>>> print(open('structure_32.tsv').read())   # TSV, C-alpha atoms and all ligand atoms
chain	number	residue	atom	x	y	z
A	1	MET	CA	-23.55	4.26	-8.94
A	2	ASP	CA	-26.04	7.14	-9.07
A	3	GLU	CA	-27.87	7.78	-12.30
A	4	GLU	CA	-27.39	11.40	-13.26
A	5	GLY	CA	-30.05	11.80	-15.96
A	6	SER	CA	-29.05	13.90	-18.93
A	7	GLU	CA	-25.59	14.91	-17.68
A	8	THR	CA	-22.65	14.06	-19.87
A	9	VAL	CA	-21.37	10.78	-18.50
A	10	LEU	CA	-17.82	9.61	-18.91
A	11	ASP	CA	-17.11	5.92	-19.18
A	12	PRO	CA	-17.58	5.13	-15.50
A	13	HIS	CA	-14.70	2.68	-15.43
A	14	SER	CA	-12.09	4.45	-17.45
A	15	VAL	CA	-9.04	5.83	-15.71
A	16	GLY	CA	-7.81	6.79	-19.20
A	17	LYS	CA	-10.47	9.45	-19.61
A	18	MET	CA	-9.62	10.95	-16.24
A	19	MET	CA	-5.98	11.00	-17.33
A	20	ASP	CA	-6.97	12.99	-20.41
A	21	LEU	CA	-9.10	15.36	-18.36
A	22	THR	CA	-6.43	16.06	-15.74
A	23	GLY	CA	-3.49	16.64	-18.06
A	24	ILE	CA	-1.74	13.32	-17.37
A	25	SER	CA	-2.02	12.03	-20.94
A	26	ALA	CA	-0.55	15.28	-22.28
A	27	LEU	CA	2.48	14.85	-20.02
A	28	HIS	CA	2.86	11.21	-21.13
A	29	ALA	CA	2.89	12.46	-24.73
A	30	ARG	CA	5.87	14.59	-23.74
A	31	ASN	CA	7.60	11.57	-22.26
A	32	ILE	CA	7.06	12.57	-18.61
A	33	SER	CA	6.43	9.36	-16.64
A	34	GLY	CA	7.84	9.90	-13.15
A	35	ARG	CA	11.32	8.62	-14.03
A	36	GLY	CA	13.80	8.86	-11.18
A	37	VAL	CA	11.01	9.21	-8.59
A	38	THR	CA	10.50	6.77	-5.69
A	39	ILE	CA	7.04	6.04	-4.25
A	40	ALA	CA	6.36	3.89	-1.19
A	41	LEU	CA	2.87	2.39	-1.26
A	42	LEU	CA	1.76	1.48	2.27
A	43	ASP	CA	-0.94	-1.18	2.36
A	44	SER	CA	-1.62	-4.66	3.71
A	45	GLU	CA	-2.90	-6.55	0.63
A	46	PHE	CA	-0.58	-7.32	-2.26
A	47	TYR	CA	-2.04	-10.34	-4.07
A	48	TYR	CA	-1.72	-10.39	-7.84
A	49	ASP	CA	-1.96	-12.91	-10.67
A	50	ASN	CA	-0.07	-12.98	-13.97
A	51	GLU	CA	-2.63	-10.90	-15.82
A	52	THR	CA	-2.52	-8.14	-13.23
A	53	ALA	CA	1.28	-8.31	-13.10
A	54	GLU	CA	1.37	-7.10	-16.71
A	55	ARG	CA	-0.39	-3.93	-15.58
A	56	LEU	CA	2.30	-3.13	-13.03
A	57	THR	CA	4.57	-1.19	-15.31
A	58	ALA	CA	6.44	0.59	-12.55
A	59	ASP	CA	9.75	-0.78	-11.25
A	60	ILE	CA	8.35	-2.81	-8.31
A	61	VAL	CA	10.27	-3.48	-5.08
A	62	PRO	CA	8.28	-5.66	-2.66
A	63	ILE	CA	8.85	-5.13	1.07
A	64	TYR	CA	6.57	-7.75	2.57
A	65	ALA	CA	6.91	-11.18	4.05
A	66	ASP	CA	3.32	-12.41	3.84
A	67	SER	CA	1.74	-14.31	1.04
A	68	TYR	CA	-1.73	-13.02	0.31
A	69	GLY	CA	-5.08	-14.62	-0.36
A	70	LYS	CA	-6.77	-14.24	-3.72
A	71	TYR	CA	-9.04	-11.42	-2.57
A	72	GLU	CA	-6.36	-9.38	-0.80
A	73	VAL	CA	-5.83	-7.07	-3.75
A	74	HIS	CA	-6.35	-3.59	-2.29
A	75	GLY	CA	-2.70	-2.52	-2.41
A	76	ILE	CA	-2.16	-3.93	-5.89
A	77	ALA	CA	-5.19	-1.99	-7.17
A	78	CYS	CA	-3.46	1.15	-5.83
A	79	ALA	CA	-0.21	0.03	-7.50
A	80	GLU	CA	-2.02	-0.40	-10.82
A	81	LEU	CA	-3.23	3.20	-10.69
A	82	ILE	CA	0.23	4.52	-9.90
A	83	SER	CA	1.63	2.37	-12.74
A	84	SER	CA	-0.89	3.85	-15.19
A	85	ILE	CA	-0.22	7.44	-14.21
A	86	ALA	CA	3.50	7.31	-13.48
A	87	PRO	CA	4.93	4.20	-15.19
A	88	GLY	CA	8.49	5.50	-14.80
A	89	VAL	CA	8.59	5.44	-10.98
A	90	LYS	CA	10.31	2.99	-8.68
A	91	LEU	CA	7.49	1.66	-6.51
A	92	TYR	CA	8.09	0.10	-3.10
A	93	LEU	CA	5.17	-2.09	-1.98
A	94	VAL	CA	5.34	-1.92	1.80
A	95	ASP	CA	3.21	-4.04	4.11
A	96	ALA	CA	2.17	-1.59	6.83
A	97	GLY	CA	-0.07	-4.08	8.67
A	98	SER	CA	-3.26	-2.99	10.34
A	99	THR	CA	-2.19	-1.30	13.58
A	100	GLN	CA	-0.51	2.00	14.39
A	101	GLU	CA	2.48	0.06	15.76
A	102	GLU	CA	2.84	-1.74	12.42
A	103	VAL	CA	2.60	1.52	10.48
A	104	THR	CA	5.26	2.98	12.78
A	105	ALA	CA	7.51	0.00	12.11
A	106	ALA	CA	6.97	0.35	8.35
A	107	ILE	CA	7.94	4.03	8.50
A	108	GLU	CA	11.10	3.22	10.48
A	109	GLY	CA	11.96	0.71	7.78
A	110	LEU	CA	11.56	3.37	5.08
A	111	LEU	CA	13.72	5.82	7.03
A	112	ASN	CA	16.46	3.18	7.17
A	113	LEU	CA	16.51	2.56	3.42
A	114	ASP	CA	19.57	3.72	1.52
A	115	GLU	CA	17.26	5.47	-0.88
A	116	GLN	CA	15.23	8.64	-0.28
A	117	ILE	CA	11.48	8.06	-0.62
A	118	ASP	CA	9.99	10.96	-2.57
A	119	ILE	CA	6.32	10.11	-2.09
A	120	VAL	CA	4.27	7.93	0.26
A	121	SER	CA	0.85	6.80	-0.93
A	122	CYS	CA	-1.27	5.48	1.93
A	123	SER	CA	-4.89	4.38	1.61
A	124	SER	CA	-5.35	3.25	5.21
A	125	ASP	CA	-6.22	5.12	8.39
A	126	PHE	CA	-7.41	4.77	11.99
A	127	PRO	CA	-10.79	5.94	13.34
A	128	PHE	CA	-9.81	6.78	16.92
A	129	GLY	CA	-7.45	9.30	18.48
A	130	GLY	CA	-7.17	13.06	18.74
A	131	PHE	CA	-7.66	13.96	15.05
A	132	ASP	CA	-5.53	17.07	15.70
A	133	GLY	CA	-2.14	16.12	14.26
A	134	ASP	CA	-0.79	15.18	17.71
A	135	ASP	CA	-1.50	11.45	17.64
A	136	ALA	CA	1.65	9.39	18.25
A	137	VAL	CA	1.74	8.00	14.72
A	138	CYS	CA	1.87	11.58	13.37
A	139	GLU	CA	5.31	11.99	14.93
A	140	GLU	CA	6.46	9.15	12.69
A	141	VAL	CA	4.77	10.63	9.64
A	142	GLU	CA	6.48	13.96	10.37
A	143	LYS	CA	9.87	12.23	10.43
A	144	MET	CA	9.25	11.51	6.77
A	145	THR	CA	7.66	14.80	5.72
A	146	SER	CA	10.38	16.83	7.44
A	147	ASN	CA	12.86	14.70	5.52
A	148	GLY	CA	11.36	15.86	2.22
A	149	THR	CA	8.86	13.05	1.58
A	150	LEU	CA	5.44	14.02	0.28
A	151	TRP	CA	2.86	11.95	2.24
A	152	ILE	CA	-0.42	11.44	0.41
A	153	ASN	CA	-3.24	9.84	2.38
A	154	ALA	CA	-6.79	8.77	1.61
A	155	ALA	CA	-9.32	10.94	3.47
A	156	GLY	CA	-11.41	7.88	4.35
A	157	ASN	CA	-14.93	6.72	3.52
A	158	GLN	CA	-16.58	7.54	6.85
A	159	ALA	CA	-18.72	10.61	6.17
A	160	LEU	CA	-21.92	8.55	6.54
A	161	CYS	CA	-20.81	6.47	9.50
A	162	HIS	CA	-19.49	9.15	11.84
A	163	TRP	CA	-20.88	11.25	14.66
A	164	SER	CA	-19.01	13.84	16.70
A	165	GLY	CA	-19.97	16.42	19.27
A	166	GLU	CA	-19.78	17.31	22.95
A	167	PHE	CA	-21.26	15.33	25.79
A	168	ILE	CA	-24.71	16.81	26.28
A	169	ASP	CA	-27.02	15.32	28.90
A	170	PRO	CA	-29.78	17.79	29.82
A	171	ASP	CA	-31.76	15.22	31.85
A	172	GLY	CA	-28.64	14.21	33.80
A	173	ASN	CA	-29.19	10.45	33.49
A	174	GLY	CA	-25.62	9.77	32.34
A	175	PHE	CA	-26.50	8.98	28.71
A	176	LEU	CA	-25.51	11.41	25.98
A	177	ASN	CA	-28.42	13.05	24.17
A	178	PHE	CA	-27.85	13.09	20.41
A	179	SER	CA	-30.95	15.30	20.31
A	180	PRO	CA	-33.22	16.48	23.15
A	181	GLU	CA	-35.45	13.43	22.64
A	182	ASP	CA	-32.96	10.80	21.54
A	183	GLU	CA	-30.21	9.02	23.49
A	184	SER	CA	-29.24	6.52	20.82
A	185	ILE	CA	-28.07	6.34	17.24
A	186	ASN	CA	-29.98	3.75	15.20
A	187	LEU	CA	-28.11	1.28	13.06
A	188	THR	CA	-30.01	-1.13	10.82
A	189	MET	CA	-28.30	-4.48	10.29
A	190	GLU	CA	-29.05	-7.93	9.01
A	191	ARG	CA	-28.13	-11.08	10.85
A	192	GLY	CA	-24.49	-11.90	10.15
A	193	ASP	CA	-23.44	-8.32	9.33
A	194	ASP	CA	-20.14	-7.38	10.95
A	195	VAL	CA	-19.84	-4.02	12.62
A	196	SER	CA	-17.07	-2.26	14.50
A	197	ILE	CA	-17.73	0.86	16.55
A	198	TRP	CA	-15.02	3.13	17.98
A	199	LEU	CA	-15.49	5.92	20.50
A	200	SER	CA	-12.64	8.29	21.35
A	201	TRP	CA	-12.46	11.71	22.92
A	202	GLU	CA	-10.29	14.66	23.81
A	203	ASP	CA	-8.32	13.65	26.90
A	204	ASP	CA	-4.79	12.73	28.00
A	205	ARG	CA	-3.83	10.06	25.43
A	206	ASP	CA	-1.77	7.94	27.85
A	207	ALA	CA	-3.61	8.62	31.12
A	208	ALA	CA	-7.22	9.37	30.29
A	209	ALA	CA	-9.30	10.81	33.14
A	210	LEU	CA	-12.72	11.21	31.53
A	211	ASP	CA	-14.57	7.91	31.76
A	212	TYR	CA	-16.99	7.32	28.91
A	213	ASP	CA	-18.39	3.92	27.93
A	214	LEU	CA	-19.90	2.63	24.71
A	215	ARG	CA	-22.98	0.47	24.51
A	216	LEU	CA	-24.79	-1.27	21.68
A	217	ASP	CA	-28.33	-2.50	22.41
A	218	TYR	CA	-29.59	-5.28	20.13
A	219	PRO	CA	-33.15	-5.46	18.80
A	220	GLY	CA	-35.17	-7.39	21.37
A	221	ARG	CA	-32.78	-8.65	24.04
A	222	GLY	CA	-29.04	-8.36	24.51
A	223	ARG	CA	-26.29	-5.76	24.31
A	224	SER	CA	-22.55	-5.27	23.96
A	225	ILE	CA	-20.65	-2.93	26.28
A	226	SER	CA	-17.16	-1.48	26.11
A	227	ASP	CA	-16.29	-0.08	29.53
A	228	ASN	CA	-12.54	0.36	29.84
A	229	PRO	CA	-11.59	2.31	32.97
A	230	GLN	CA	-10.34	5.87	32.49
A	231	ARG	CA	-9.24	7.21	35.87
A	232	GLY	CA	-6.11	9.11	34.98
A	233	TYR	CA	-3.75	6.13	35.41
A	234	ARG	CA	-0.87	5.53	33.07
A	235	GLY	CA	-1.78	3.30	30.14
A	236	GLN	CA	-5.46	4.20	30.19
A	237	GLU	CA	-6.42	5.47	26.75
A	238	PRO	CA	-9.51	7.50	25.86
A	239	VAL	CA	-10.89	4.80	23.57
A	240	GLU	CA	-13.76	2.32	23.66
A	241	MET	CA	-14.46	-0.23	20.95
A	242	ILE	CA	-17.18	-2.79	20.16
A	243	ARG	CA	-16.95	-5.42	17.44
A	244	LEU	CA	-20.03	-7.53	16.70
A	245	THR	CA	-21.49	-9.97	14.23
A	246	ALA	CA	-25.19	-9.08	14.29
A	247	PRO	CA	-27.15	-11.93	15.94
A	248	ARG	CA	-30.42	-10.95	14.23
A	249	ASP	CA	-32.04	-8.56	11.76
A	250	GLY	CA	-33.25	-5.23	13.04
A	251	THR	CA	-32.44	-1.86	14.50
A	252	TYR	CA	-29.50	-1.62	16.89
A	253	HIS	CA	-29.00	1.35	19.23
A	254	ILE	CA	-25.63	2.95	19.98
A	255	LYS	CA	-25.40	4.78	23.32
A	256	ILE	CA	-22.64	6.72	25.08
A	257	ARG	CA	-22.51	6.82	28.85
A	258	ARG	CA	-20.48	9.02	31.15
A	259	TYR	CA	-19.47	8.25	34.71
A	260	ASP	CA	-19.27	10.62	37.70
A	261	GLY	CA	-16.09	12.53	38.24
A	262	ALA	CA	-15.55	13.41	34.59
A	263	GLY	CA	-14.17	16.92	34.35
A	264	SER	CA	-15.00	19.38	31.64
A	265	PRO	CA	-15.53	17.14	28.67
A	266	GLY	CA	-14.04	17.71	25.24
A	267	ARG	CA	-15.41	16.56	21.96
A	268	LEU	CA	-16.13	12.92	21.23
A	269	HIS	CA	-15.85	11.02	17.95
A	270	LEU	CA	-17.81	7.91	17.06
A	271	PHE	CA	-17.00	5.90	13.94
A	272	THR	CA	-18.65	2.71	12.69
A	273	THR	CA	-18.14	0.40	9.75
A	274	GLN	CA	-21.84	0.64	8.85
A	275	ASP	CA	-23.76	3.73	7.76
A	276	LEU	CA	-25.67	5.36	10.60
A	277	ASP	CA	-29.43	5.69	10.16
A	278	GLU	CA	-29.46	9.09	11.89
A	279	HIS	CA	-27.41	11.77	13.67
A	280	ARG	CA	-24.63	11.57	11.08
A	281	VAL	CA	-21.98	14.27	11.27
A	282	GLN	CA	-20.13	14.40	7.94
A	283	ASN	CA	-17.56	16.97	9.04
A	284	TRP	CA	-14.53	16.01	11.17
A	285	SER	CA	-14.70	12.48	9.72
A	286	ILE	CA	-11.11	12.14	8.45
A	287	GLY	CA	-8.90	9.53	10.15
A	288	ILE	CA	-5.83	10.32	12.24
A	289	LEU	CA	-3.24	9.84	9.46
A	290	GLY	CA	-5.20	12.20	7.22
A	291	CYS	CA	-5.11	14.72	10.07
A	292	CYS	CA	-1.31	14.62	10.52
A	293	ARG	CA	0.45	17.89	9.69
A	294	ASN	CA	1.85	18.34	6.17
A	295	VAL	CA	-0.01	15.31	4.84
A	296	ILE	CA	-1.93	15.79	1.60
A	297	THR	CA	-5.35	14.30	2.28
A	298	VAL	CA	-7.42	13.17	-0.68
A	299	GLY	CA	-11.20	12.81	-0.97
A	300	ALA	CA	-13.09	10.97	-3.73
A	301	ILE	CA	-15.31	12.36	-6.46
A	302	ASN	CA	-17.65	10.41	-8.71
A	303	ILE	CA	-15.75	9.87	-11.95
A	304	SER	CA	-18.89	10.48	-14.03
A	305	THR	CA	-20.24	13.63	-12.41
A	306	LEU	CA	-17.20	15.10	-10.62
A	307	GLN	CA	-19.44	15.44	-7.53
A	308	ILE	CA	-18.14	14.44	-4.11
A	309	GLN	CA	-18.94	10.86	-3.12
A	310	PRO	CA	-21.35	10.98	-0.18
A	311	TYR	CA	-19.05	8.72	1.88
A	312	SER	CA	-15.87	10.74	1.25
A	313	SER	CA	-14.66	11.94	4.66
A	314	ARG	CA	-14.65	15.68	5.32
A	315	GLY	CA	-12.71	18.15	7.38
A	316	PRO	CA	-11.73	20.11	9.26
A	317	THR	CA	-9.27	18.56	11.73
A	318	GLU	CA	-9.93	18.97	15.47
A	319	ASP	CA	-7.33	21.77	15.61
A	320	GLY	CA	-9.15	23.61	12.85
A	321	ARG	CA	-7.00	22.93	9.79
A	322	GLN	CA	-8.86	22.69	6.53
A	323	LYS	CA	-9.18	19.19	5.07
A	324	PRO	CA	-9.26	17.43	2.70
A	325	ASP	CA	-6.57	19.01	0.52
A	326	LEU	CA	-7.54	17.63	-2.88
A	327	VAL	CA	-10.00	15.28	-4.54
A	328	ALA	CA	-9.50	12.68	-7.26
A	329	PRO	CA	-11.82	10.14	-8.94
A	330	ASP	CA	-12.77	6.75	-7.58
A	331	ASN	CA	-14.64	3.86	-9.26
A	332	VAL	CA	-11.83	3.66	-11.81
A	333	THR	CA	-11.04	0.44	-13.65
A	334	THR	CA	-8.38	-1.91	-12.31
A	335	TYR	CA	-7.57	-5.54	-13.10
A	336	SER	CA	-7.53	-6.26	-9.38
A	337	TYR	CA	-11.19	-5.28	-9.04
A	338	ILE	CA	-12.04	-6.37	-12.56
A	339	SER	CA	-15.81	-6.63	-12.29
A	340	ASP	CA	-16.29	-3.52	-10.15
A	341	GLY	CA	-14.83	-0.07	-10.09
A	342	PHE	CA	-12.21	0.54	-7.41
A	343	ALA	CA	-14.38	2.55	-5.02
A	344	GLY	CA	-13.49	4.92	-2.24
A	345	THR	CA	-10.83	7.43	-1.32
A	346	SER	CA	-8.41	4.47	-1.43
A	347	ALA	CA	-8.44	4.89	-5.21
A	348	ALA	CA	-8.19	8.68	-5.06
A	349	ALA	CA	-4.94	8.82	-3.04
A	350	PRO	CA	-2.74	6.81	-5.47
A	351	PHE	CA	-4.15	8.87	-8.34
A	352	VAL	CA	-2.73	11.98	-6.66
A	353	ALA	CA	0.52	10.17	-5.76
A	354	GLY	CA	1.04	9.36	-9.45
A	355	CYS	CA	0.40	13.00	-10.37
A	356	ALA	CA	2.90	14.14	-7.74
A	357	ALA	CA	5.54	11.88	-9.32
A	358	LEU	CA	5.02	13.54	-12.71
A	359	ILE	CA	5.41	16.98	-11.12
A	360	LEU	CA	8.59	15.83	-9.38
A	361	GLU	CA	10.13	14.70	-12.64
A	362	LEU	CA	9.08	17.93	-14.36
A	363	PHE	CA	10.67	20.20	-11.77
A	364	ARG	CA	13.55	18.03	-10.64
A	365	ASP	CA	16.16	20.51	-11.85
A	366	ASP	CA	14.50	23.47	-10.19
A	367	PRO	CA	15.26	23.38	-6.44
A	368	ASP	CA	13.09	26.44	-5.82
A	369	VAL	CA	9.92	24.61	-6.76
A	370	ASP	CA	7.83	23.30	-3.85
A	371	VAL	CA	6.09	20.25	-5.31
A	372	ARG	CA	3.48	20.20	-2.58
A	373	ARG	CA	2.50	23.75	-3.44
A	374	VAL	CA	2.46	23.08	-7.17
A	375	LEU	CA	0.19	20.08	-6.61
A	376	LEU	CA	-2.25	22.11	-4.50
A	377	GLU	CA	-2.20	25.28	-6.57
A	378	SER	CA	-2.70	23.55	-9.93
A	379	SER	CA	-5.98	21.99	-8.80
A	380	THR	CA	-9.37	22.91	-10.25
A	381	ASP	CA	-11.81	24.37	-7.73
A	382	LEU	CA	-14.99	22.34	-7.23
A	383	GLY	CA	-18.09	22.74	-5.06
A	384	PRO	CA	-18.37	25.93	-2.96
A	385	GLU	CA	-16.12	28.68	-4.34
A	386	GLY	CA	-12.57	28.49	-3.02
A	387	PRO	CA	-11.05	25.89	-0.67
A	388	ASP	CA	-13.69	24.06	1.35
A	389	GLU	CA	-14.15	21.15	3.78
A	390	ILE	CA	-15.63	18.85	1.12
A	391	TYR	CA	-13.40	19.19	-1.96
A	392	GLY	CA	-10.39	20.93	-0.40
A	393	ARG	CA	-8.60	22.86	-3.14
A	394	GLY	CA	-10.47	20.78	-5.73
A	395	LEU	CA	-9.58	18.22	-8.40
A	396	VAL	CA	-5.92	17.42	-8.94
A	397	ASN	CA	-5.27	18.75	-12.43
A	398	LEU	CA	-1.91	18.82	-14.18
A	399	SER	CA	-3.31	20.59	-17.24
A	400	ASN	CA	-3.19	23.74	-15.12
A	401	LEU	CA	0.59	23.51	-14.69
A	402	GLU	CA	2.43	26.49	-16.05
A	403	VAL	CA	5.53	24.92	-17.41
A	404	ASN	CA	7.59	25.22	-20.57
A	405	LEU	CA	8.32	21.77	-21.88
A	501	CA	CA	-29.46	11.88	28.81
A	502	CA	CA	-14.78	3.92	29.91
A	503	CA	CA	-14.24	24.68	-3.62
>>> encode(input="structure_32.tsv", output="structure tokens")
Amino acid sequence: MDEEGSETVLDPHSVGKMMDLTGISALHARNISGRGVTIALLDSEFYYDNETAERLTADIVPIYADSYGKYEVHGIACAELISSIAPGVKLYLVDAGSTQEEVTAAIEGLLNLDEQIDIVSCSSDFPFGGFDGDDAVCEEVEKMTSNGTLWINAAGNQALCHWSGEFIDPDGNGFLNFSPEDESINLTMERGDDVSIWLSWEDDRDAAALDYDLRLDYPGRGRSISDNPQRGYRGQEPVEMIRLTAPRDGTYHIKIRRYDGAGSPGRLHLFTTQDLDEHRVQNWSIGILGCCRNVITVGAINISTLQIQPYSSRGPTEDGRQKPDLVAPDNVTTYSYISDGFAGTSAAAPFVAGCAALILELFRDDPDVDVRRVLLESSTDLGPEGPDEIYGRGLVNLSNLEVNL
């Protein structure tokens, strides 16, 4: 964590202090705990031991078949935060797998429950697609939001490992120029580091006709290539992907190549699981779930300084909607990640989901109240004045609620 000199520093690992600061503790004192509210937590890791189980004060309903390894705690860390903020909720723990098909299946399962889900908290996303709210999985998400569910999604942690732009090739050699002099993005890795790289672009999603390829040159000899055909045939998607365990230390070079016959090219997005050394584009770095319409997308601020985390993904969406919507703290204490803070926008999303549950209980008897609007409008502006592409509407803050209790 960054040292911030003489600034007032909160306990860096205390979710309790953030609960005081954002009006949650005051609502608890008035016996508001999210009672009668249902939250579905979509994740793929639900391991917990007895000690952590004591922290899960919500009414837990598991919807998963797997048993999890000792380090698969991500979803339970999210559940701990929701339990702290909204201990009165009924919390469904839903294994949503790791693919868009699995997320789709999980959503169908939720739609078939006898019970209405008030809030979804999702701290996963996908780094390839249209990023414009029209990706196939967004249709599923909209089935829930149009049914009255509030979908809260992590913005992602990709601001430092993303590039996007148009295909520019002034020397006409087929390789994209990231700058006039540079046709590759450098990536420094040590032997054994794992990296995944995704390239996707604006094209027909089911019958892509622009043929781009992705290449990763190793230091010294060797390279990986992803060269799926895109010739306008059914089933050809505008996606390339490379996954590699680095064979040696050094600087790797990412290149994008275009074949003849490509029509007028749209914008491309490149995401990696490692920070890029250069040519980073922090904007447009939110995943496709965070870009779905009516989703509340949550970035992460440093709990000590209330400054945006450098990795917190930023908007806008490809169709020009402002994102993220809100920010909340990360690096909060959980039993699941006992020795470290729970870092990333993954921690920020369940924080907001818990707050939404408190608002729902507060206004349950007032059908005219739009909870989504209350959540957004009660936030505290941060960063550039007014809504912006870094902090959205600002920090979720229930102490701004105007309500007679
Ligand atoms: Ca070139
Ligand atoms: Ca290709
Ligand atoms: Ca602002």
>>> closest_atom_pairs(input="structure_32.tsv", of="chain A", to="ligand CA 501 (chain A)", cutoff="9 Å", atoms="only C-alpha atoms and all ligand atoms", output="CSV")
residue,atom,partner,partner_atom,distance
A:Ile168,CA,A:CA501,CA,7.3
A:Asp169,CA,A:CA501,CA,4.2
A:Pro170,CA,A:CA501,CA,6.0
A:Asp171,CA,A:CA501,CA,5.1
A:Gly172,CA,A:CA501,CA,5.6
A:Asn173,CA,A:CA501,CA,4.9
A:Gly174,CA,A:CA501,CA,5.6
A:Phe175,CA,A:CA501,CA,4.1
A:Leu176,CA,A:CA501,CA,4.9
A:Asn177,CA,A:CA501,CA,4.9
A:Phe178,CA,A:CA501,CA,8.6
A:Pro180,CA,A:CA501,CA,8.2
A:Glu181,CA,A:CA501,CA,8.7
A:Asp182,CA,A:CA501,CA,8.1
A:Glu183,CA,A:CA501,CA,6.1
A:Arg257,CA,A:CA501,CA,8.6
>>> residues_near_ligand(input="structure_32.tsv", ligand="ligand CA 503 (chain A)", cutoff="8 Å", atoms="all atoms listed in the file", output="JSON, numbers by chain")
{"A": [381, 382, 383, 384, 385, 386, 387, 388, 390, 391, 392, 393, 394]}
>>> closest_residue(input="structure_32.tsv", among="A:Cys161, A:Ile288, A:Ala79, A:Leu42", to="Glu102 of chain A", atoms="only C-alpha atoms")
A:Leu42
>>> residues_around(input="structure_32.tsv", residues="segment 48-65 of chain A", least_positions_apart="5", cutoff="7 Å", atoms="all atoms listed in the file", output="list in words")
Val73, Ile76, Ala79, Glu80, Ser83, Pro87, Gly88, Val89, Lys90, Leu91, Tyr92, Leu93, Val94, Asp95, Tyr335 and Ser336 of chain A
>>> closest_residue(input="structure_32.tsv", among="A:Asp211, A:Glu361, A:Asp125, A:Asp370", to="ligand CA 502 (chain A)", atoms="only C-alpha atoms and all ligand atoms")
A:Asp211
>>> residues_near_point(input="structure_32.tsv", point="(-10.6, -0.5, -9.2)", cutoff="8 Å", atoms="all atoms listed in the file", output="JSON, numbers by chain")
{"A": [77, 330, 331, 332, 333, 334, 335, 336, 337, 338, 340, 341, 342, 343, 347]}
>>> atom_distance(input="structure_32.tsv", atom1="atom CA of Asn31 of chain A", atom2="atom CA of Ala357 of chain A")
13.1 Å
>>> closest_residue(input="structure_32.tsv", among="A:Leu270, A:Ile254, A:Val369, A:Ile32", to="Glu166 of chain A", atoms="only C-alpha atoms")
A:Leu270
>>> axis_aligned_box(input="structure_32.tsv", around="segment 171-187 of chain A", padding_each_side="5 Å", output="JSON")
{"center_x": -30.5, "center_y": 8.9, "center_z": 23.4, "size_x": 19.9, "size_y": 25.2, "size_z": 30.7}
>>> residues_near_ligand(input="structure_32.tsv", ligand="ligand CA 502 (chain A)", cutoff="6 Å", atoms="all atoms listed in the file", output="JSON, numbers by chain")
{"A": [211, 212, 213, 227, 228, 229, 230]}
>>> write_last_selection(input="structure_32.tsv", atoms="C-alpha atoms", output="PDB file, in the frame of the given file")
ATOM      1  CA  ASP A 211     -14.570   7.910  31.760  1.00  0.00           C
ATOM      2  CA  TYR A 212     -16.990   7.320  28.910  1.00  0.00           C
ATOM      3  CA  ASP A 213     -18.390   3.920  27.930  1.00  0.00           C
ATOM      4  CA  ASP A 227     -16.290  -0.080  29.530  1.00  0.00           C
ATOM      5  CA  ASN A 228     -12.540   0.360  29.840  1.00  0.00           C
ATOM      6  CA  PRO A 229     -11.590   2.310  32.970  1.00  0.00           C
ATOM      7  CA  GLN A 230     -10.340   5.870  32.490  1.00  0.00           C
TER       8      GLN A 230
END
>>> closest_residue(input="structure_32.tsv", among="A:Thr149, A:Ser14, A:Ser44, A:Ser312", to="Ser98 of chain A", atoms="all atoms listed in the file")
A:Ser44
>>> atom_distance(input="structure_32.tsv", atom1="atom CA of Glu240 of chain A", atom2="atom CA of Ile107 of chain A")
26.5 Å
>>> residues_around(input="structure_32.tsv", residues="Asp217 of chain A", least_positions_apart="6", cutoff="10 Å", atoms="all atoms listed in the file", output="list in words")
Ser184, Asn186, Arg223, Ser224, Ile225, Thr251, Tyr252, His253, Ile254 and Lys255 of chain A
>>> residues_around(input="structure_32.tsv", residues="Met19 of chain A", least_positions_apart="5", cutoff="12 Å", atoms="all atoms listed in the file", output="PyMOL selection string")
chain A and resi 14+24-29+81-82+84-86+303+328-329+332+351-352+354-355+396-399
>>> closest_residue(input="structure_32.tsv", among="A:Pro247, A:Gly165, A:Gly34, A:Gly69", to="Val195 of chain A", atoms="all atoms listed in the file")
A:Pro247
